[in-house]
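Enquirer: I am attaching a structure below and will ask some questions about it afterwards.
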Amino acid sequence: MKKYLVALALAFAAMTATAQTNPVLMTVNGKDVTRAEFEYAYNKNNNVEGAVEQKSIAEYVDMFINYKLKVAEAEALHLDTLQSFQDEFRTYRDMQLTPHLVDQQFIDSVAHALYDRQVEALAGKELLDCSHILLFVRQTDSEAVRNQVAQRADSIYNALLGGADFATLASQLSEDTGSARNGGKLPTIYPGMTIPEFENEAYALPAGALSKPFLSPIGYHIIKMHERKQFESFETLYPTIVAALKRQNIEEASAQAKITKLMAQTGKSREDILLGVLDEQKVLTPDLEYLVQEYHDGLLLYEVAKSRVWDAAAEDSHALAQMFKKNKKKYAWDEPRFAGFIISAKTPEAARKAQTLLKKGLPEGVDLRTFLKETVNKDSVVVMVSGPFLAKKGENSTIDNLGFGIKTREVKPLRKGYIYTTVTGKVQKQPKTYLDVKNEVVADLQKSLEDAWVAELRCKFKFSVNQDVLKTVNNH
């Protein structure tokens, strides 16, 4: 009983210390947000390189509340219970926890196994550093052809004996183009790496020696032995082996092995093991908790904002048309645009046909490639079309010339061989519909929907900010 009371007292003391050092800054829909979590988000987002503007703490508080209100809405809609959400969130969370589960003993054992396997394959033999010159002989070649190749090999060998540079002759005469580029240099040779005829000749050569021409199933070789070296110790090669294993995701494999081992030892599920690791790491690396929470909330925010704002604006043609109609002055252009297509064709007839067909634009719901295939490109591709464009002067040289009449600008065919280039369309002084300025109109409609949604959420969910704690943000 005494031990229980001591443990309870220690736990209470730890909780009290945490509360004192990391007080609650705000509460949103019944969920507390600590000062440390807010500072993590504020400092991270305010220090983004290339950010358009930095926010004061007071400005960021309102943004952060809105952010948490949207997350509350997503949770109220049970988006966090969707399997797709849970799978993506757990995948990300596990990626953050993997470095804390890496089992170095596991990695070392794999590294040792690879080393031992290589030692066994060497069977006491050395590693060979050599170059070769190869003259191909096909199995179907006649005896006369074989003799000619043999004579060429002998000539090269005699030239080498006479002092010719091996690398130079290899680059000029060797038919093994891969090694010829490097003066005949081959990768390090070890037992079983190459064909037996080559291996036997190579291992018979001392360092610095030159082999006579010899025949293998692929042709005549001449080998120059540069160096014979012993396989290095495990300790020497260890960094190289581990680096190669890391490129093959050995750390992830070791983490999975450790999780499997812990599951067998404790009887816990994989999820329980990972949650336990997360709880441990929260104490050691506080930012990890906020990073995982940020991703959790970010996924929910994306899903709820996508349906309530982004897709709702982009897909509501009536609302977009109304937004455009009410704000025509805002969307006015400071200079005209050419609206239309660039056409390049193999014949003038094909160019004119495409020009006539596209004069009114593409039929609704039909993509450009399908339209051309069903009209002018039925039997073969005789016409290339690019667009639709909505271009100002100076943005496209072909449009400048053919659309705006600036004859000093170059007309560029869309593809080589399509020599007849023209345009179809017209110059517009101002946008006619929201489609001419769709990006701007969509952005404004999204902003309008966003503002209305935030106002709704601020009425729907309760929230509060501890002003005394707020004063201590980044100042404690």
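Please note that chains go A, B, ... in the order of the structure tokens, that every chain numbers its residues from 1, and that ligands are numbered from 1 in the order shown.
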Can you list, as a count of residues only, every protein, DNA or RNA residue that comes within 9 Å of region 145-155 of chain A when you count only C-alpha atoms, leaving out same-chain residues fewer than 2 positions away?

Expert: 21

Enquirer: If you count only C-alpha atoms, which residues fall within 8 Å of region 74-90 of chain A, apart from same-chain ones fewer than 3 positions away, as a list in words?

Expert: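 Everything that qualifies: Lys70, Val71, Arg93, Asp94, Tyr295, His296, Leu299, Leu300, Leu301, Glu303 and Val304 of chain A.
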
Enquirer: How would the residues just chosen look if you wrote them out with all heavy atoms as a tab-separated table (two decimals), in the first residue's frame?

Expert:
chain	number	residue	atom	x	y	z
A	70	LYS	N	-12.15	23.73	-37.68
A	70	LYS	CA	-12.38	22.89	-38.87
A	70	LYS	C	-12.08	21.42	-38.56
A	70	LYS	O	-12.79	20.52	-39.03
A	70	LYS	CB	-11.51	23.37	-40.03
A	70	LYS	CG	-11.90	24.75	-40.54
A	70	LYS	CD	-10.84	25.30	-41.50
A	70	LYS	CE	-11.11	26.74	-41.86
A	70	LYS	NZ	-10.03	27.34	-42.67
A	71	VAL	N	-11.05	21.19	-37.76
A	71	VAL	CA	-10.74	19.81	-37.35
A	71	VAL	C	-11.89	19.26	-36.50
A	71	VAL	O	-12.29	18.10	-36.65
A	71	VAL	CB	-9.41	19.77	-36.57
A	71	VAL	CG1	-9.17	18.37	-35.99
A	71	VAL	CG2	-8.25	20.18	-37.46
A	93	ARG	N	2.40	8.13	-39.31
A	93	ARG	CA	2.85	8.03	-37.90
A	93	ARG	C	3.94	6.99	-37.75
A	93	ARG	O	4.96	7.22	-37.09
A	93	ARG	CB	1.65	7.67	-37.01
A	93	ARG	CG	1.99	7.51	-35.54
A	93	ARG	CD	0.99	6.65	-34.82
A	93	ARG	NE	0.99	5.28	-35.35
A	93	ARG	CZ	0.08	4.37	-35.01
A	93	ARG	NH1	-0.92	4.68	-34.20
A	93	ARG	NH2	0.16	3.15	-35.51
A	94	ASP	N	3.75	5.85	-38.39
A	94	ASP	CA	4.74	4.77	-38.29
A	94	ASP	C	6.08	5.18	-38.88
A	94	ASP	O	7.14	4.79	-38.40
A	94	ASP	CB	4.22	3.51	-38.98
A	94	ASP	CG	2.99	2.93	-38.26
A	94	ASP	OD1	2.59	3.50	-37.22
A	94	ASP	OD2	2.42	1.94	-38.76
A	295	TYR	N	-0.09	16.26	-38.47
A	295	TYR	CA	-0.45	15.48	-39.65
A	295	TYR	C	-1.87	14.93	-39.52
A	295	TYR	O	-2.64	14.94	-40.48
A	295	TYR	CB	0.54	14.33	-39.85
A	295	TYR	CG	0.43	13.70	-41.22
A	295	TYR	CD1	1.05	14.28	-42.32
A	295	TYR	CD2	-0.32	12.54	-41.41
A	295	TYR	CE1	0.93	13.73	-43.58
A	295	TYR	CE2	-0.44	11.98	-42.68
A	295	TYR	CZ	0.18	12.57	-43.75
A	295	TYR	OH	0.05	12.03	-45.00
A	296	HIS	N	-2.22	14.47	-38.32
A	296	HIS	CA	-3.57	13.96	-38.05
A	296	HIS	C	-4.60	15.04	-38.37
A	296	HIS	O	-5.57	14.83	-39.11
A	296	HIS	CB	-3.65	13.54	-36.58
A	296	HIS	CG	-5.02	13.16	-36.11
A	296	HIS	ND1	-5.97	14.10	-35.71
A	296	HIS	CD2	-5.62	11.94	-35.97
A	296	HIS	CE1	-7.08	13.49	-35.36
A	296	HIS	NE2	-6.90	12.18	-35.51
A	299	LEU	N	-4.74	16.07	-42.19
A	299	LEU	CA	-5.51	15.15	-43.04
A	299	LEU	C	-7.00	15.39	-42.91
A	299	LEU	O	-7.74	15.41	-43.90
A	299	LEU	CB	-5.20	13.70	-42.65
A	299	LEU	CG	-3.91	13.08	-43.19
A	299	LEU	CD1	-3.74	11.67	-42.64
A	299	LEU	CD2	-3.92	13.04	-44.71
A	300	LEU	N	-7.46	15.59	-41.67
A	300	LEU	CA	-8.88	15.84	-41.46
A	300	LEU	C	-9.29	17.17	-42.08
A	300	LEU	O	-10.35	17.28	-42.71
A	300	LEU	CB	-9.18	15.85	-39.96
A	300	LEU	CG	-9.15	14.50	-39.25
A	300	LEU	CD1	-9.41	14.68	-37.76
A	300	LEU	CD2	-10.19	13.54	-39.85
A	301	LEU	N	-8.45	18.19	-41.89
A	301	LEU	CA	-8.75	19.50	-42.46
A	301	LEU	C	-8.86	19.42	-43.98
A	301	LEU	O	-9.76	20.02	-44.58
A	301	LEU	CB	-7.65	20.49	-42.07
A	301	LEU	CG	-7.75	21.89	-42.67
A	301	LEU	CD1	-9.04	22.57	-42.26
A	301	LEU	CD2	-6.55	22.73	-42.26
A	303	GLU	N	-9.75	16.88	-45.84
A	303	GLU	CA	-10.98	16.19	-46.25
A	303	GLU	C	-12.21	17.07	-46.09
A	303	GLU	O	-13.06	17.15	-46.98
A	303	GLU	CB	-11.15	14.89	-45.46
A	303	GLU	CG	-10.14	13.81	-45.79
A	303	GLU	CD	-10.21	13.36	-47.24
A	303	GLU	OE1	-11.29	13.46	-47.86
A	303	GLU	OE2	-9.17	12.93	-47.77
A	304	VAL	N	-12.31	17.75	-44.96
A	304	VAL	CA	-13.52	18.54	-44.72
A	304	VAL	C	-13.51	19.82	-45.56
A	304	VAL	O	-14.56	20.24	-46.09
A	304	VAL	CB	-13.66	18.86	-43.21
A	304	VAL	CG1	-12.64	19.88	-42.72
A	304	VAL	CG2	-15.08	19.32	-42.90

Enquirer: Among region 119-185 of chain A, which ones does DSSP assign to helix (DSSP H, G or I) (computed from the backbone)? Answer as a count of residues only.

Expert: 35

Enquirer: Pick out the closest residue to Ser171 (chain A) from this set: A:Gly30, A:Val437, A:His132, A:Pro191. Count only C-alpha atoms.

Expert: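 Comparing A:Gly30, A:Val437, A:His132, A:Pro191 against Ser171 (chain A), the winner is A:His132.
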
Enquirer: Ranking A:Gln430, A:Asn43, A:Asn475, A:Ser254 by minimum distance to Pro99 (chain A) and counting only C-alpha atoms, which one comes first?

Expert: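 Comparing A:Gln430, A:Asn43, A:Asn475, A:Ser254 against Pro99 (chain A), the winner is A:Ser254.
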
Enquirer: For Ala209 (chain A), which residue out of A:Ala350, A:Ala391, A:Leu457, A:Cys130 is the nearest one, using only C-alpha atoms?

Expert: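 Checking each candidate against Ala209 (chain A), we get A:Cys130 as the closest.
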